[in-house]
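Structure data (TSV, C-alpha atoms) from run-v2.tsv:
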```
chain	number	residue	atom	x	y	z
P	1	MET	CA	66.29	65.86	165.72
P	2	THR	CA	65.50	67.92	168.81
P	3	SER	CA	64.39	66.09	171.92
P	4	PHE	CA	61.56	67.54	173.95
P	5	VAL	CA	62.06	65.17	176.88
P	6	ILE	CA	63.71	66.41	180.07
P	7	ASP	CA	65.97	63.98	181.91
P	8	ALA	CA	64.55	63.33	185.38
P	9	SER	CA	68.06	63.24	186.89
P	10	ARG	CA	68.26	67.05	186.59
P	11	PHE	CA	65.77	67.66	189.39
P	12	ASP	CA	67.22	68.94	192.67
P	13	ASN	CA	70.68	68.14	191.26
P	14	ASP	CA	73.16	70.87	192.27
P	15	ALA	CA	76.01	69.20	190.36
P	16	TYR	CA	74.00	69.41	187.12
P	17	LEU	CA	73.25	73.07	187.83
P	18	ALA	CA	76.94	73.85	188.46
P	19	THR	CA	77.96	72.14	185.20
P	20	ARG	CA	75.47	74.16	183.18
P	21	LEU	CA	76.49	77.44	184.83
P	22	ALA	CA	80.22	76.84	184.34
P	23	ALA	CA	79.74	76.62	180.58
P	24	ILE	CA	78.43	80.17	180.08
P	25	PRO	CA	79.82	83.69	180.54
P	26	GLU	CA	79.83	84.83	184.15
P	27	ILE	CA	77.66	87.87	183.39
P	28	ASP	CA	74.70	85.60	182.45
P	29	ARG	CA	75.08	82.97	185.19
P	30	GLY	CA	72.63	84.60	187.61
P	31	SER	CA	69.86	84.64	185.02
P	32	LEU	CA	70.47	81.05	183.93
P	33	LYS	CA	70.63	79.93	187.57
P	34	SER	CA	67.23	81.53	188.19
P	35	ALA	CA	65.76	79.81	185.13
P	36	LEU	CA	67.20	76.40	185.97
P	37	THR	CA	66.18	76.50	189.63
P	38	TYR	CA	62.72	77.61	188.52
P	39	LEU	CA	62.58	74.50	186.34
P	40	TYR	CA	64.36	71.88	188.41
P	41	HIS	CA	64.37	72.64	192.13
P	42	GLN	CA	61.28	71.79	194.15
P	43	ALA	CA	62.20	74.62	196.54
P	44	GLY	CA	63.09	76.93	193.64
P	45	PRO	CA	61.51	80.30	192.87
P	46	ARG	CA	57.73	80.56	192.40
P	47	ASN	CA	58.06	82.77	189.35
P	48	LEU	CA	60.69	83.85	186.86
P	49	PRO	CA	61.30	87.59	186.40
P	50	PRO	CA	60.98	88.57	182.72
P	51	VAL	CA	64.45	90.17	182.65
P	52	ARG	CA	66.10	86.99	183.91
P	53	PHE	CA	64.11	84.85	181.48
P	54	LYS	CA	65.14	87.04	178.56
P	55	LYS	CA	68.85	86.79	179.45
P	56	ALA	CA	68.67	83.02	180.06
P	57	GLN	CA	66.80	82.16	176.84
P	58	ALA	CA	69.95	81.83	174.74
P	59	TYR	CA	71.32	79.11	177.06
P	60	LEU	CA	68.17	77.01	177.43
P	61	GLU	CA	67.51	73.79	175.56
P	62	PRO	CA	64.36	73.66	173.38
P	63	ALA	CA	62.49	71.48	175.90
P	64	GLU	CA	63.43	73.81	178.78
P	65	LEU	CA	62.33	76.84	176.79
P	66	LYS	CA	58.99	75.18	176.01
P	67	VAL	CA	58.36	74.33	179.68
P	68	ILE	CA	59.34	77.78	180.94
P	69	LYS	CA	57.05	79.50	178.46
P	70	TRP	CA	54.24	77.14	179.49
P	71	LEU	CA	54.78	77.60	183.23
P	72	LYS	CA	55.48	81.32	183.36
P	73	THR	CA	52.02	82.14	181.98
P	74	ARG	CA	50.70	80.30	185.02
P	75	THR	CA	53.07	81.80	187.61
P	76	ASN	CA	53.80	85.28	186.20
P	77	GLY	CA	51.16	85.87	183.57
P	78	ARG	CA	47.47	86.06	182.99
P	79	PHE	CA	46.67	82.59	184.37
P	80	ARG	CA	48.33	83.31	187.72
P	81	LYS	CA	45.03	83.55	189.62
P	82	THR	CA	43.74	80.18	188.44
P	83	TYR	CA	47.06	78.32	188.62
P	84	GLY	CA	49.89	80.00	190.54
P	85	ALA	CA	52.60	78.28	192.52
P	86	SER	CA	50.51	75.12	193.12
P	87	ALA	CA	50.57	74.31	189.41
P	88	LEU	CA	54.32	74.93	189.25
P	89	PHE	CA	54.94	72.60	192.21
P	90	ALA	CA	52.79	69.89	190.61
P	91	ALA	CA	54.66	70.16	187.31
P	92	ARG	CA	58.04	69.98	189.05
P	93	ALA	CA	56.94	67.04	191.19
P	94	SER	CA	55.85	65.13	188.06
P	95	ARG	CA	59.31	65.72	186.51
P	96	TYR	CA	57.44	67.08	183.48
P	97	ARG	CA	55.84	63.74	182.73
P	98	CYS	CA	52.21	62.69	182.54
P	99	GLN	CA	51.14	61.53	185.98
P	100	GLU	CA	48.82	58.93	184.43
P	101	CYS	CA	50.83	57.26	181.67
P	102	GLY	CA	54.36	58.68	182.07
P	103	PHE	CA	54.51	60.30	178.62
P	104	ALA	CA	57.52	62.64	178.69
P	105	ASP	CA	57.35	64.91	175.61
P	106	VAL	CA	56.84	68.36	177.13
P	107	ARG	CA	55.04	69.66	174.03
P	108	ALA	CA	51.99	67.57	174.94
P	109	LEU	CA	51.72	68.42	178.64
P	110	HIS	CA	48.66	70.03	180.17
P	111	MET	CA	47.97	71.21	183.70
P	112	ASP	CA	44.77	69.62	184.97
P	113	HIS	CA	42.60	71.08	187.75
P	114	VAL	CA	42.04	67.81	189.62
P	115	SER	CA	38.73	68.87	191.17
P	116	GLY	CA	37.66	71.38	188.53
P	117	ARG	CA	38.28	75.10	188.53
P	118	VAL	CA	37.69	75.80	192.20
P	119	GLU	CA	39.81	77.90	194.53
P	120	GLY	CA	42.51	75.95	196.34
P	121	THR	CA	42.43	73.10	193.82
P	122	GLU	CA	45.27	70.67	193.39
P	123	PHE	CA	46.84	70.11	189.99
P	124	ALA	CA	48.05	67.16	187.96
P	125	CYS	CA	50.46	67.25	185.05
P	126	LEU	CA	48.85	65.19	182.27
P	127	CYS	CA	49.58	64.58	178.60
P	128	ALA	CA	46.99	65.85	176.15
P	129	ASN	CA	45.55	62.37	175.67
P	130	CYS	CA	45.09	61.60	179.37
P	131	HIS	CA	43.74	65.11	180.00
P	132	ASN	CA	41.13	64.72	177.27
P	133	ILE	CA	40.09	61.31	178.58
P	134	LYS	CA	39.76	62.69	182.12
P	135	SER	CA	37.80	65.71	180.89
P	136	TYR	CA	35.45	63.42	178.98
P	137	THR	CA	34.95	61.24	182.04
P	138	ASP	CA	34.58	64.11	184.55
P	139	ASP	CA	33.54	67.56	183.46
P	140	TRP	CA	35.04	70.75	184.96
P	141	ASN	CA	33.07	70.58	188.22
P	142	GLY	CA	33.72	66.90	188.86
P	143	GLN	CA	30.24	65.75	187.80
P	144	LYS	CA	29.63	63.00	185.27
P	145	PRO	CA	28.84	64.54	181.84
P	146	ILE	CA	25.40	64.27	180.29
P	147	ARG	CA	25.46	61.84	177.37
```
Spit out the file's structure as structure tokens when you get a sec.
Amino acid sequence: MTSFVIDASRFDNDAYLATRLAAIPEIDRGSLKSALTYLYHQAGPRNLPPVRFKKAQAYLEPAELKVIKWLKTRTNGRFRKTYGASALFAARASRYRCQECGFADVRALHMDHVSGRVEGTEFACLCANCHNIKSYTDDWNGQKPIR
């Protein structure tokens, strides 16, 4: 069975990066390095060029592929204006775990606008359950919902 949990020891771990890169053909190492630093290094790139993502895909684990597809829509794609690098930094800082309950399956992660969808907002990485509870408690603009 495939695991969709990312080991927290991979973050900012150059030895882990070197091990992964050594196991693939040299021609694809640059692309995989870009993808892995995008995922695991707090000071890594703010977006992932489509060409590098395409070349790295074959070497990514299912959980890594899921997270990259989720994040690149926020850093490279159509959600860039409402999320951008701040969302990426929040996801990396959380080690791809829910910041409320610690749930680690990346398939259930959401990016929450902490103070609603306002410019300059901070983000929290939450599981679907915690995100729904928060959204029920506080609507998008931070006001209590009408019941």
Write out as JSON lines a residue-level contact list of stretch 52-77 of chain P versus stretch 14-38 of chain P with cut-off 7 Å: for each qualifying residue the closest pair of atoms and the distance in Å to one decimal, counting all atoms listed in the file, rows sorted by chain and residue number upward.
```
{"residue": "P:Arg52", "atom": "CA", "partner": "P:Ser31", "partner_atom": "CA", "distance": 4.6}
{"residue": "P:Phe53", "atom": "CA", "partner": "P:Ala35", "partner_atom": "CA", "distance": 6.4}
{"residue": "P:Lys55", "atom": "CA", "partner": "P:Ser31", "partner_atom": "CA", "distance": 6.1}
{"residue": "P:Ala56", "atom": "CA", "partner": "P:Leu32", "partner_atom": "CA", "distance": 4.7}
```
> Got a sec to check which residues sit within 6 Å of (49.9, 63.4, 189.5), counting all atoms listed in the file, and write them as a count of residues only?
Replying inline: 3
> At what distance in Å, to one decimal, does atom CA of P:Arg74 lie from atom CA of P:Leu126?
Replying inline: 15.5 Å
>> Give me, as a list in words, all polymer residues having an atom no more than 6 Å from P:Cys127, counting all atoms listed in the file and skipping those fewer than 6 positions away in the same chain.
In response: Cys98, Ala108, Leu109 and His110 of chain P
>> So, with all atoms listed in the file as the atoms that count, which of P:Ala128, P:Ala93, P:Leu48, P:Val106 lies closest to P:Ala63?
In response: P:Val106
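If you look at atom CA of P:Asp105 and atom CA of P:Lys81, they are 26.4 Å away from each other.
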What's around P:Asn76 at 8 Å? Count only C-alpha atoms, leave out sequence neighbours fewer than 5 positions away in its own chain, and write the answer as a compact mmCIF listing (two decimals) with C-alpha atoms, in the frame of the given file.
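Saved file out13.txt follows:
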```txt
# COMPACT_ATOMS: atom_id res chain seq x y z
CA ASN P 47 58.06 82.77 189.35
CA LEU P 48 60.69 83.85 186.86
CA PRO P 49 61.30 87.59 186.40
CA GLY P 84 49.89 80.00 190.54
```
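Atom pair atom CA of P:Thr73 / atom CA of P:Ala91: separated by 13.4 Å.
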> At most 12 Å from (60.1, 74.1, 177.3), file frame, all atoms listed in the file: which residues, as a PyMOL selection string?
Replying inline: chain P and resi 2-6+35-36+39+57+60-72+96+104-109
> Of the candidates P:His41, P:Thr82, P:Ile133, P:Glu100, which one gets nearest to P:Thr121 if we count all atoms listed in the file?
Replying inline: P:Thr82
Once 4 Å is added on each side, what are the centre and the three edge lengths, in Å to one decimal, of the axis-aligned box enclosing the listed atoms of stretch 37-42 of chain P? Present them as lines of an AutoDock Vina configuration file.
```
center_x = 63.7
center_y = 74.7
center_z = 190.2
size_x = 12.9
size_y = 13.8
size_z = 15.8
```
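Between P:Gln42 and the residues P:Arg92, P:His113, P:Lys54, P:His131, the shortest atom-to-atom distance, using all atoms listed in the file, involves P:Arg92.
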> Which residues come within 9 Å of P:Ser86, counting only C-alpha atoms, excluding same-chain residues fewer than 2 positions away, as a PyMOL selection string?
Replying inline: chain P and resi 83-84+88-91+120-123
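Distances to P:Arg97 were evaluated for P:Val51, P:Met111, P:Tyr136, P:Asp12 using all atoms listed in the file, and the minimum falls at P:Met111.
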